[in-house]
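Here is target-v5.csv, consisting of CSV, C-alpha atoms and all ligand atoms:
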```csv
chain,number,residue,atom,x,y,z
A,1,MET,CA,132.6,126.8,-85.7
A,2,ILE,CA,129.2,127.0,-84.0
A,3,ASP,CA,128.5,127.2,-80.3
A,4,ILE,CA,124.9,126.7,-79.1
A,5,VAL,CA,123.2,127.9,-75.9
A,6,CYS,CA,120.2,125.7,-74.8
A,7,GLY,CA,117.9,125.8,-71.8
A,8,GLY,CA,118.1,122.9,-69.4
A,9,GLN,CA,114.8,123.5,-67.6
A,10,ALA,CA,111.5,125.3,-68.3
A,11,GLY,CA,112.9,128.5,-69.9
A,12,ASP,CA,114.3,131.6,-68.2
A,13,GLU,CA,117.5,129.8,-67.1
A,14,GLY,CA,119.5,132.9,-68.1
A,15,LYS,CA,120.3,132.0,-71.7
A,16,GLY,CA,120.3,135.7,-72.5
A,17,LYS,CA,122.9,136.5,-70.0
A,18,ILE,CA,125.1,133.6,-70.9
A,19,SER,CA,124.8,134.3,-74.6
A,20,ALA,CA,125.6,138.0,-74.0
A,21,TYR,CA,128.7,137.0,-71.9
A,22,LEU,CA,130.0,134.5,-74.5
A,23,SER,CA,129.4,136.9,-77.3
A,24,TYR,CA,131.0,139.9,-75.5
A,25,LYS,CA,134.1,137.9,-74.5
A,26,GLY,CA,134.3,135.7,-77.5
A,27,ASP,CA,135.0,136.1,-81.2
A,28,TYR,CA,131.7,135.4,-82.8
A,29,ASP,CA,131.1,136.9,-86.1
A,30,TYR,CA,127.4,136.1,-86.0
A,31,CYS,CA,124.9,135.7,-83.1
A,32,VAL,CA,121.8,133.9,-84.3
A,33,ARG,CA,118.3,133.7,-82.7
A,34,VAL,CA,115.5,131.4,-83.7
A,35,GLY,CA,112.1,130.8,-82.1
A,36,GLY,CA,109.4,133.3,-81.1
A,37,PRO,CA,108.9,136.5,-79.2
A,38,ASN,CA,107.2,134.5,-76.4
A,39,ALA,CA,110.7,133.9,-75.1
A,40,GLY,CA,112.1,137.0,-73.4
A,41,HIS,CA,115.8,137.1,-72.9
A,42,THR,CA,117.3,139.5,-70.4
A,43,VAL,CA,120.7,141.1,-70.7
A,44,VAL,CA,122.1,143.4,-68.0
A,45,ALA,CA,125.3,145.4,-68.8
A,46,ASP,CA,126.7,148.5,-67.1
A,47,GLY,CA,123.6,148.8,-64.9
A,48,LYS,CA,121.3,148.9,-67.9
A,49,SER,CA,118.7,146.1,-68.4
A,50,TYR,CA,117.5,145.0,-71.8
A,51,THR,CA,114.5,142.6,-72.2
A,52,LEU,CA,114.6,141.3,-75.7
A,53,LYS,CA,112.0,139.2,-77.5
A,54,ASN,CA,114.0,138.8,-80.7
A,55,ILE,CA,117.3,140.6,-81.0
A,56,PRO,CA,120.0,138.1,-80.2
A,57,SER,CA,121.6,138.7,-76.8
A,58,GLY,CA,125.0,139.0,-78.4
A,59,PHE,CA,124.2,142.6,-79.6
A,60,LEU,CA,126.5,144.1,-76.9
A,61,ASN,CA,129.5,143.2,-79.0
A,62,PRO,CA,129.5,145.8,-81.8
A,63,ALA,CA,131.5,143.4,-84.0
A,64,THR,CA,128.9,140.7,-84.0
A,65,LYS,CA,126.3,140.6,-86.8
A,66,LEU,CA,122.8,139.6,-85.6
A,67,VAL,CA,120.7,137.1,-87.4
A,68,LEU,CA,117.1,135.8,-87.3
A,69,GLY,CA,116.8,132.5,-89.1
A,70,ALA,CA,113.8,131.0,-91.0
A,71,GLY,CA,112.7,129.4,-87.7
A,72,ALA,CA,112.3,132.8,-86.1
A,73,TYR,CA,109.0,134.4,-85.5
A,74,THR,CA,108.5,138.1,-84.6
A,75,LYS,CA,106.2,141.0,-85.0
A,76,THR,CA,107.4,143.9,-87.1
A,77,GLU,CA,106.6,146.6,-84.6
A,78,TRP,CA,108.2,144.7,-81.7
A,79,LEU,CA,111.3,144.0,-83.7
A,80,LEU,CA,111.8,147.6,-84.9
A,81,LYS,CA,111.4,148.8,-81.3
A,82,GLU,CA,114.2,146.5,-80.2
A,83,VAL,CA,116.4,147.5,-83.1
A,84,ALA,CA,116.0,151.1,-82.0
A,85,LEU,CA,116.6,150.3,-78.4
A,86,THR,CA,119.8,148.4,-79.1
A,87,GLY,CA,121.0,150.6,-82.0
A,88,THR,CA,121.5,147.6,-84.2
A,89,GLN,CA,120.0,148.7,-87.6
A,90,ASP,CA,123.3,148.3,-89.4
A,91,ARG,CA,124.0,144.7,-88.4
A,92,LEU,CA,120.7,142.9,-88.4
A,93,ILE,CA,120.1,140.2,-91.0
A,94,ILE,CA,116.7,138.4,-91.4
A,95,ASP,CA,116.0,135.3,-93.4
A,96,PRO,CA,113.2,135.9,-96.0
A,97,TYR,CA,111.3,133.1,-94.5
A,98,ALA,CA,111.3,134.2,-90.9
A,99,VAL,CA,107.6,134.7,-90.0
A,100,LEU,CA,105.9,137.9,-88.9
A,101,ILE,CA,103.1,137.2,-86.5
A,102,THR,CA,100.0,139.1,-87.6
A,103,ASP,CA,97.7,141.0,-85.3
A,104,GLU,CA,95.0,138.5,-86.2
A,105,GLU,CA,97.2,135.7,-85.1
A,106,THR,CA,97.9,137.4,-81.8
A,107,ALA,CA,94.2,138.2,-81.3
A,108,ALA,CA,93.3,134.6,-82.1
A,109,GLU,CA,95.7,133.2,-79.6
A,110,GLN,CA,94.7,135.7,-76.9
A,111,GLY,CA,91.0,134.8,-77.5
A,112,ALA,CA,91.6,131.1,-77.3
A,113,GLY,CA,90.9,129.6,-73.9
A,114,HIS,CA,92.8,126.5,-75.0
A,115,PHE,CA,96.0,128.4,-75.4
A,116,MET,CA,95.7,131.0,-72.7
A,117,LYS,CA,94.0,129.0,-69.9
A,118,HIS,CA,94.9,125.3,-70.5
A,119,ILE,CA,98.4,125.6,-71.8
A,120,GLY,CA,99.2,129.0,-70.2
A,121,SER,CA,100.5,130.5,-73.4
A,122,VAL,CA,102.3,133.8,-73.2
A,123,GLY,CA,99.8,135.3,-75.7
A,124,THR,CA,102.1,136.7,-78.4
A,125,GLY,CA,100.4,134.7,-81.1
A,126,LEU,CA,103.4,132.5,-81.8
A,127,GLY,CA,101.4,129.3,-81.3
A,128,GLN,CA,98.7,130.5,-83.7
A,129,ALA,CA,101.4,131.5,-86.3
A,130,VAL,CA,103.1,128.1,-86.1
A,131,LYS,CA,99.7,126.5,-86.5
A,132,ASP,CA,98.9,128.6,-89.6
A,133,ARG,CA,102.3,127.7,-91.1
A,134,ILE,CA,101.9,124.0,-90.4
A,135,GLU,CA,98.5,124.1,-92.0
A,136,ARG,CA,100.1,125.7,-95.0
A,137,ARG,CA,97.8,128.7,-94.8
A,138,GLU,CA,98.8,132.2,-95.8
A,139,VAL,CA,101.4,133.5,-93.4
A,140,LYS,CA,103.3,136.8,-93.5
A,141,PHE,CA,107.0,136.2,-94.2
A,142,ALA,CA,109.7,138.8,-93.5
A,143,LYS,CA,110.4,139.1,-97.3
A,144,ASP,CA,106.8,140.5,-97.7
A,145,GLU,CA,107.3,143.4,-95.3
A,146,PRO,CA,108.6,146.6,-96.9
A,147,LEU,CA,109.8,147.9,-93.5
A,148,LEU,CA,112.2,145.1,-93.2
A,149,LYS,CA,113.5,145.0,-96.8
A,150,ASP,CA,117.0,146.3,-95.9
A,151,PHE,CA,117.6,143.4,-93.5
A,152,ILE,CA,116.6,140.5,-95.8
A,153,GLN,CA,119.4,138.1,-96.8
A,154,ASP,CA,119.6,134.3,-97.5
A,155,VAL,CA,120.7,133.2,-94.0
A,156,PRO,CA,121.8,129.6,-94.8
A,157,GLU,CA,124.0,130.9,-97.6
A,158,LEU,CA,125.4,133.6,-95.4
A,159,LEU,CA,126.2,131.5,-92.4
A,160,ASN,CA,127.5,128.5,-94.2
A,161,GLY,CA,129.7,130.7,-96.3
A,162,ALA,CA,131.0,132.3,-93.0
A,163,LEU,CA,131.8,128.8,-91.6
A,164,ASP,CA,133.7,128.0,-94.8
A,165,GLN,CA,135.8,131.1,-94.1
A,166,GLY,CA,136.6,130.0,-90.6
A,167,GLN,CA,134.2,132.4,-88.9
A,168,ASN,CA,132.3,131.6,-85.7
A,169,ILE,CA,128.6,131.6,-84.9
A,170,LEU,CA,126.8,131.7,-81.6
A,171,LEU,CA,123.3,130.1,-81.8
A,172,GLU,CA,121.0,131.3,-79.1
A,173,GLY,CA,118.2,128.9,-78.4
A,174,THR,CA,114.9,129.5,-76.5
A,175,GLN,CA,113.0,128.0,-73.7
A,176,GLY,CA,114.1,124.7,-72.2
A,177,ILE,CA,113.8,120.9,-72.3
A,178,LYS,CA,110.6,120.8,-70.2
A,179,LEU,CA,108.9,123.1,-72.7
A,180,SER,CA,109.9,121.1,-75.8
A,181,LEU,CA,107.1,120.0,-78.0
A,182,LEU,CA,108.9,116.7,-78.6
A,183,HIS,CA,110.8,116.0,-75.3
A,184,GLY,CA,109.0,118.1,-72.8
A,185,GLU,CA,106.0,117.7,-70.6
A,186,TYR,CA,103.2,117.6,-73.2
A,187,PRO,CA,100.8,119.3,-73.3
A,188,PHE,CA,102.4,122.0,-71.1
A,189,VAL,CA,105.0,122.8,-73.7
A,190,THR,CA,105.6,125.4,-76.4
A,191,SER,CA,104.8,125.1,-80.1
A,192,ARG,CA,108.2,123.7,-81.2
A,193,ASP,CA,111.1,121.5,-80.1
A,194,THR,CA,113.6,123.4,-77.9
A,195,THR,CA,116.8,121.4,-78.3
A,196,ALA,CA,120.1,122.1,-80.0
A,197,SER,CA,119.5,120.1,-83.2
A,198,THR,CA,116.2,121.9,-83.9
A,199,PHE,CA,117.9,125.3,-83.3
A,200,LEU,CA,120.4,124.4,-86.0
A,201,GLY,CA,117.7,123.4,-88.4
A,202,GLU,CA,115.8,126.6,-87.7
A,203,ALA,CA,118.9,128.6,-88.6
A,204,GLY,CA,119.7,126.7,-91.7
A,205,LEU,CA,122.8,125.1,-90.2
A,206,GLY,CA,124.0,121.5,-89.9
A,207,PRO,CA,125.5,119.5,-87.0
A,208,LYS,CA,129.0,119.0,-88.4
A,209,SER,CA,130.3,122.4,-87.6
A,210,VAL,CA,129.2,122.5,-83.9
A,211,ARG,CA,132.0,123.0,-81.4
A,212,ASP,CA,130.3,123.5,-78.0
A,213,VAL,CA,126.8,123.0,-76.7
A,214,TYR,CA,126.1,124.9,-73.5
A,215,VAL,CA,123.2,123.9,-71.4
A,216,VAL,CA,122.1,126.4,-68.8
A,217,PHE,CA,120.6,125.6,-65.4
A,218,LYS,CA,119.5,127.5,-62.3
A,219,PRO,CA,119.8,125.8,-58.9
A,220,TYR,CA,116.0,125.7,-59.0
A,221,ILE,CA,113.3,125.6,-61.7
A,222,THR,CA,110.7,128.2,-62.6
A,223,ARG,CA,107.6,127.9,-64.8
A,224,VAL,CA,105.4,130.8,-65.9
A,225,GLY,CA,102.5,128.6,-66.9
A,226,PRO,CA,100.9,125.3,-65.7
A,227,GLY,CA,102.6,122.0,-65.8
A,228,PRO,CA,104.8,119.7,-63.6
A,229,LEU,CA,107.3,121.0,-61.1
A,230,GLU,CA,108.9,118.8,-58.6
A,231,LYS,CA,108.7,120.0,-55.0
A,232,GLU,CA,106.9,123.2,-55.8
A,233,MET,CA,107.5,126.0,-53.4
A,234,THR,CA,104.4,127.3,-51.7
A,235,ASP,CA,105.6,129.4,-48.8
A,236,GLU,CA,104.8,133.0,-49.8
A,237,LYS,CA,107.8,134.6,-47.9
A,238,ASP,CA,110.2,132.2,-49.7
A,239,LEU,CA,108.6,132.8,-53.0
A,240,GLU,CA,108.8,136.6,-52.6
A,241,VAL,CA,112.6,136.3,-52.4
A,242,TYR,CA,112.6,134.6,-55.8
A,243,HIS,CA,110.2,137.2,-57.3
A,244,THR,CA,112.3,140.2,-56.0
A,245,LYS,CA,116.0,139.3,-55.7
A,246,GLY,CA,115.8,136.6,-58.3
A,247,HIS,CA,113.7,138.7,-60.7
A,248,GLU,CA,111.5,135.7,-61.3
A,249,ILE,CA,108.7,137.5,-63.0
A,250,GLY,CA,107.8,136.6,-66.6
A,251,SER,CA,109.7,139.0,-68.9
A,252,VAL,CA,107.1,138.8,-71.6
A,253,SER,CA,104.1,137.4,-69.7
A,254,LYS,CA,104.7,139.6,-66.5
A,255,ARG,CA,103.4,136.6,-64.5
A,256,LEU,CA,105.0,135.7,-61.2
A,257,ARG,CA,107.0,132.6,-61.9
A,258,ARG,CA,106.3,129.4,-60.0
A,259,VAL,CA,109.3,128.0,-58.3
A,260,GLY,CA,110.3,124.3,-57.8
A,261,ALA,CA,113.4,122.3,-56.8
A,262,PHE,CA,116.2,121.5,-59.2
A,263,GLU,CA,115.2,118.3,-61.1
A,264,LYS,CA,117.9,115.8,-61.7
A,265,ARG,CA,115.8,113.9,-64.2
A,266,SER,CA,115.1,116.8,-66.5
A,267,ALA,CA,118.7,118.0,-66.2
A,268,SER,CA,120.0,114.7,-67.4
A,269,ARG,CA,117.6,114.6,-70.3
A,270,ALA,CA,118.7,118.2,-71.2
A,271,ILE,CA,122.4,117.1,-71.1
A,272,MET,CA,121.7,114.0,-73.2
A,273,ILE,CA,119.3,115.3,-75.8
A,274,ASN,CA,121.2,118.6,-76.4
A,275,ASN,CA,124.5,116.6,-76.5
A,276,ALA,CA,125.9,119.2,-74.0
A,277,THR,CA,129.6,119.7,-73.8
A,278,LYS,CA,129.5,122.6,-71.3
A,279,ILE,CA,127.2,123.5,-68.4
A,280,ALA,CA,126.5,127.1,-67.3
A,281,ILE,CA,124.9,127.7,-63.9
A,282,THR,CA,123.1,131.0,-63.3
A,283,HIS,CA,121.4,132.5,-60.2
A,284,ILE,CA,124.0,130.9,-57.8
A,285,ASP,CA,123.5,134.1,-55.8
A,286,MET,CA,120.1,132.8,-54.8
A,287,PHE,CA,122.0,130.8,-52.2
A,288,ALA,CA,122.7,133.3,-49.5
A,289,GLY,CA,126.2,134.9,-49.5
A,290,ASN,CA,127.2,134.2,-53.1
A,291,ASP,CA,126.8,137.6,-54.8
A,292,HIS,CA,129.5,138.6,-57.2
A,293,ILE,CA,131.9,135.8,-56.0
A,294,LYS,CA,135.1,135.8,-58.0
A,295,SER,CA,136.6,132.3,-57.3
A,296,TYR,CA,135.3,128.8,-56.8
A,297,GLU,CA,136.8,128.6,-53.2
A,298,ASP,CA,134.8,131.6,-52.1
A,299,PHE,CA,131.4,130.0,-52.8
A,300,SER,CA,129.3,129.1,-49.7
A,301,ASP,CA,129.1,125.4,-48.6
A,302,GLU,CA,125.5,125.3,-49.9
A,303,ALA,CA,126.5,126.6,-53.3
A,304,LYS,CA,129.6,124.4,-53.5
A,305,ALA,CA,127.4,121.3,-52.7
A,306,PHE,CA,125.1,122.2,-55.5
A,307,LEU,CA,128.0,122.7,-58.0
A,308,GLU,CA,129.6,119.4,-56.9
A,309,GLY,CA,126.2,117.7,-57.5
A,310,ILE,CA,126.2,119.1,-61.0
A,311,LYS,CA,129.7,117.7,-61.6
A,312,ALA,CA,128.6,114.3,-60.3
A,313,LEU,CA,125.5,114.3,-62.5
A,314,SER,CA,127.7,115.1,-65.5
A,315,LYS,CA,129.9,112.1,-64.8
A,316,GLU,CA,126.7,110.0,-65.1
A,317,VAL,CA,125.3,111.3,-68.3
A,318,TYR,CA,126.7,111.2,-71.8
A,319,PRO,CA,128.4,113.3,-73.2
A,320,HIS,CA,129.7,114.3,-69.7
A,321,PRO,CA,129.8,118.1,-70.1
A,322,LYS,CA,132.2,120.3,-68.2
A,323,LEU,CA,131.0,122.8,-65.7
A,324,ALA,CA,132.2,125.9,-67.5
A,325,LEU,CA,130.5,129.0,-66.3
A,326,VAL,CA,128.8,130.1,-63.1
A,327,SER,CA,126.8,133.3,-62.9
A,328,THR,CA,126.9,135.1,-59.6
A,329,GLY,CA,124.6,138.1,-60.4
A,330,PRO,CA,122.5,139.6,-63.2
A,331,ASP,CA,125.2,141.7,-64.7
A,332,MET,CA,127.2,140.3,-67.6
A,333,GLU,CA,130.4,140.8,-65.7
A,334,ASP,CA,129.1,138.7,-62.8
A,335,THR,CA,130.4,135.5,-64.4
A,336,LEU,CA,133.0,133.1,-63.2
A,337,VAL,CA,134.8,131.0,-65.8
A,338,LEU,CA,136.0,127.7,-64.5
B,401,LIG,P1,103.4,129.4,-75.5
B,401,LIG,O1,104.7,129.0,-76.1
B,401,LIG,O2,103.3,130.9,-75.4
B,401,LIG,O3,102.2,128.7,-76.1
B,401,LIG,O4,103.4,128.9,-74.0
B,401,LIG,C1,103.4,127.5,-73.7
B,401,LIG,C2,104.0,127.3,-72.3
B,401,LIG,O5,105.4,127.6,-72.4
B,401,LIG,C3,103.5,128.2,-71.2
B,401,LIG,O6,103.5,127.6,-70.0
B,401,LIG,C4,104.4,129.4,-71.2
B,401,LIG,O7,104.4,130.1,-70.0
B,401,LIG,C5,105.7,128.7,-71.5
B,401,LIG,N1,106.7,129.5,-72.2
B,401,LIG,C6,106.7,129.9,-73.4
B,401,LIG,N2,107.8,130.7,-73.7
B,401,LIG,C7,108.5,130.7,-72.6
B,401,LIG,C8,109.8,131.3,-72.2
B,401,LIG,O8,110.5,131.9,-73.0
B,401,LIG,N3,110.2,131.1,-70.9
B,401,LIG,C9,109.4,130.4,-70.0
B,401,LIG,N4,108.3,129.8,-70.3
B,401,LIG,C10,107.8,130.0,-71.6
B,402,MG,MG,112.7,134.3,-70.7
```

Go ahead and express the file in the form of structure tokens.
Amino acid sequence: MIDIVCGGQAGDEGKGKISAYLSYKGDYDYCVRVGGPNAGHTVVADGKSYTLKNIPSGFLNPATKLVLGAGAYTKTEWLLKEVALTGTQDRLIIDPYAVLITDEETAAEQGAGHFMKHIGSVGTGLGQAVKDRIERREVKFAKDEPLLKDFIQDVPELLNGALDQGQNILLEGTQGIKLSLLHGEYPFVTSRDTTASTFLGEAGLGPKSVRDVYVVFKPYITRVGPGPLEKEMTDEKDLEVYHTKGHEIGSVSKRLRRVGAFEKRSASRAIMINNATKIAITHIDMFAGNDHIKSYEDFSDEAKAFLEGIKALSKEVYPHPKLALVSTGPDMEDTLVL
């Protein structure tokens, strides 16, 4: 079966951490990533922090094979660096039609005021590569890169064959509902839809084999670029706590993230559009006194009130997902299963 991890806000909800946890504790044969290198996912384990642009966060489980689907975009040098960092050369599989962003595409995006200033693009060249692909111009596919030839395999055939044998897949999505090209806050969005059904399509999978859809939220929202945020925080002292303790600095863009209040409206849309069955909450330790908590009873009143609010929201919105995971610190082990 397939489980999917989706972002319920504006990216950086902690999908990397949740995917790493699920994959480490679970029995996934494959961990699949789609989308571009603009989306940095951070995994912390045994005191070591990995910021990954493309390697699926499930790499910590040595039994899990790592897959980039046809809807993945990367750059050869960045990918090979991450392969070396994570020691995953023997278990990486890349679809022949995953796209390699060229230096020209990166330069074009970085030189375009429209992308960089108006939209606040991360500047990896993803938007430019997507644009070239949509215009049916010449793009560089993974199958055309000699350095990647050992990794190339037909991903839809591989994954659907695995499902047929009863194997399990974790599909790790990128960004969040507010950044969806279709359902987000246009034009302050990324260059693709960022919901569960699109992630499936980008991997070459269909909806019938899905078991759980996790939507990940923080108790607040961050944005690395321009665009709407309800009740944006402006107090510099308050913001500093988020930027330091909360590590709210763009993992790819290196920008200080803007911080706003939790938004009920975008959260319900994330539950609805992703068809969420489970909710994961990260950064609960940003409420004072909730670091490394091991049981629900031990959360502070403030944290409990937030979690109860999430349960109430879920009662209101189809398909009424269960609050399943609460992350109480950056390390993979700082996770409470409810
Ligand atoms: P682009 O996808 O690089 O063009 O960026 C479009 C908008 O989405 C900008 O506001 C970016 O900061 C934001 N964005 C893109 N990727 C991510 C991500 O992974 N996390 C958070 N924001 C992102
Ligand atoms: Mg990120």

Quiz item: So how many Å separate CA of Ser253 in chain A and CA of Val122 in chain A, to one decimal?
Solution: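 A separation of 5.3 Å between them.
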
Self-check item: Expected selection as a list in words for ligand MG 402 (chain B) within 6 Å, only C-alpha atoms and all ligand atoms
Solution: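 Those residues are Gly11, Asp12, Ala39, Gly40, His41 and Ser251 of chain A.
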
Practice problem: With only C-alpha atoms and all ligand atoms counted, collect every polymer residue having an atom within 6 Å of ligand LIG 401 (chain B); state the result as a ChimeraX atom specification. | Solution: /A:10-12,38-40,119-123,127,175,179,188-191,223-226

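For the atom pair formed by CA of Leu147 in chain A and CA of Leu126 in chain A, the distance is 20.4 Å, given to one decimal.
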
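Across A:Gly125, A:Gly227, A:Gly8, A:Gly309, the tightest approach to Ala276 in chain A is made by A:Gly8 when counting all atoms listed in the file.
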
Quiz item: Can you tell me how far CA of Val252 in chain A sits from CA of Ile279 in chain A, in Å to one decimal?
Solution: 25.5 Å

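Closest approach to Val34 in chain A among A:Pro156, A:Gly201, A:Pro62, A:Gly161: A:Gly201, based on all atoms listed in the file.
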
Quiz item: Of the candidates A:Tyr318, A:Phe299, A:Phe262, A:Phe59, which one gets nearest to Ala20 in chain A if we count only C-alpha atoms?
Solution: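 Under the stated criterion, the closest residue is A:Phe59.
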
Exercise. For Lys311 in chain A, list every protein, DNA or RNA residue within 9 Å, evaluated using all atoms listed in the file, and leave out those in the same chain fewer than 2 positions away; present the list as a list in words.
Key: Phe306, Leu307, Glu308, Gly309, Leu313, Ser314, Lys315, Glu316, His320, Pro321, Lys322 and Leu323 of chain A

Working from the structure I just supplied, which lacks atoms in range 210-218 of chain A, can you model all heavy atoms there and output them as an mmCIF file, keeping the file's coordinate frame?
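Okay, rebuild.cif is ready:
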```
data_model
loop_
_atom_site.group_PDB
_atom_site.id
_atom_site.type_symbol
_atom_site.label_atom_id
_atom_site.label_comp_id
_atom_site.auth_asym_id
_atom_site.auth_seq_id
_atom_site.Cartn_x
_atom_site.Cartn_y
_atom_site.Cartn_z
ATOM 1 N N VAL A 210 129.432 122.053 -85.326
ATOM 2 C CA VAL A 210 129.200 122.500 -83.900
ATOM 3 C C VAL A 210 130.470 122.174 -83.099
ATOM 4 O O VAL A 210 131.082 121.117 -83.196
ATOM 5 C CB VAL A 210 128.010 121.715 -83.322
ATOM 6 C CG1 VAL A 210 127.857 122.054 -81.840
ATOM 7 C CG2 VAL A 210 126.742 122.075 -84.087
ATOM 8 N N ARG A 211 130.865 123.155 -82.278
ATOM 9 C CA ARG A 211 132.000 123.000 -81.400
ATOM 10 C C ARG A 211 131.478 122.713 -79.976
ATOM 11 O O ARG A 211 131.610 121.609 -79.487
ATOM 12 C CB ARG A 211 132.840 124.291 -81.393
ATOM 13 C CG ARG A 211 134.018 124.290 -80.432
ATOM 14 C CD ARG A 211 134.875 125.534 -80.616
ATOM 15 N NE ARG A 211 134.092 126.774 -80.500
ATOM 16 C CZ ARG A 211 134.560 127.969 -80.831
ATOM 17 N NH1 ARG A 211 135.775 128.126 -81.314
ATOM 18 N NH2 ARG A 211 133.804 129.045 -80.692
ATOM 19 N N ASP A 212 130.804 123.667 -79.343
ATOM 20 C CA ASP A 212 130.300 123.500 -78.000
ATOM 21 C C ASP A 212 128.799 123.660 -77.915
ATOM 22 O O ASP A 212 128.236 124.516 -78.595
ATOM 23 C CB ASP A 212 130.977 124.430 -77.016
ATOM 24 C CG ASP A 212 132.344 123.914 -76.589
ATOM 25 O OD1 ASP A 212 132.436 122.711 -76.268
ATOM 26 O OD2 ASP A 212 133.316 124.699 -76.604
ATOM 27 N N VAL A 213 128.177 122.851 -77.057
ATOM 28 C CA VAL A 213 126.800 123.000 -76.700
ATOM 29 C C VAL A 213 126.683 123.336 -75.244
ATOM 30 O O VAL A 213 127.054 122.496 -74.420
ATOM 31 C CB VAL A 213 125.929 121.777 -77.059
ATOM 32 C CG1 VAL A 213 124.468 122.015 -76.705
ATOM 33 C CG2 VAL A 213 126.078 121.387 -78.530
ATOM 34 N N TYR A 214 126.257 124.542 -74.921
ATOM 35 C CA TYR A 214 126.100 124.900 -73.500
ATOM 36 C C TYR A 214 124.655 124.625 -73.094
ATOM 37 O O TYR A 214 123.708 124.985 -73.801
ATOM 38 C CB TYR A 214 126.279 126.451 -73.348
ATOM 39 C CG TYR A 214 127.705 126.910 -73.510
ATOM 40 C CD1 TYR A 214 128.248 127.139 -74.776
ATOM 41 C CD2 TYR A 214 128.520 127.124 -72.402
ATOM 42 C CE1 TYR A 214 129.558 127.563 -74.923
ATOM 43 C CE2 TYR A 214 129.832 127.558 -72.540
ATOM 44 C CZ TYR A 214 130.341 127.767 -73.806
ATOM 45 O OH TYR A 214 131.637 128.190 -73.942
ATOM 46 N N VAL A 215 124.509 123.972 -71.940
ATOM 47 C CA VAL A 215 123.200 123.900 -71.400
ATOM 48 C C VAL A 215 123.173 124.698 -70.088
ATOM 49 O O VAL A 215 124.112 124.640 -69.293
ATOM 50 C CB VAL A 215 122.821 122.389 -71.062
ATOM 51 C CG1 VAL A 215 121.548 122.300 -70.253
ATOM 52 C CG2 VAL A 215 122.613 121.649 -72.366
ATOM 53 N N VAL A 216 122.133 125.513 -69.945
ATOM 54 C CA VAL A 216 122.100 126.400 -68.800
ATOM 55 C C VAL A 216 121.041 125.959 -67.794
ATOM 56 O O VAL A 216 119.921 125.576 -68.155
ATOM 57 C CB VAL A 216 121.660 127.867 -69.315
ATOM 58 C CG1 VAL A 216 121.745 128.871 -68.169
ATOM 59 C CG2 VAL A 216 122.526 128.301 -70.487
ATOM 60 N N PHE A 217 121.465 125.946 -66.521
ATOM 61 C CA PHE A 217 120.600 125.600 -65.400
ATOM 62 C C PHE A 217 120.621 126.629 -64.320
ATOM 63 O O PHE A 217 121.653 127.263 -64.111
ATOM 64 C CB PHE A 217 121.071 124.275 -64.720
ATOM 65 C CG PHE A 217 121.132 123.062 -65.584
ATOM 66 C CD1 PHE A 217 122.361 122.474 -65.886
ATOM 67 C CD2 PHE A 217 119.970 122.462 -66.055
ATOM 68 C CE1 PHE A 217 122.429 121.318 -66.657
ATOM 69 C CE2 PHE A 217 120.036 121.301 -66.825
ATOM 70 C CZ PHE A 217 121.271 120.733 -67.126
ATOM 71 N N LYS A 218 119.514 126.733 -63.590
ATOM 72 C CA LYS A 218 119.500 127.500 -62.300
ATOM 73 C C LYS A 218 119.526 126.408 -61.212
ATOM 74 O O LYS A 218 119.178 125.252 -61.467
ATOM 75 C CB LYS A 218 118.227 128.289 -62.177
ATOM 76 C CG LYS A 218 118.042 129.347 -63.227
ATOM 77 C CD LYS A 218 116.881 130.289 -62.911
ATOM 78 C CE LYS A 218 115.519 129.747 -63.257
ATOM 79 N NZ LYS A 218 114.530 130.798 -63.565
#
```
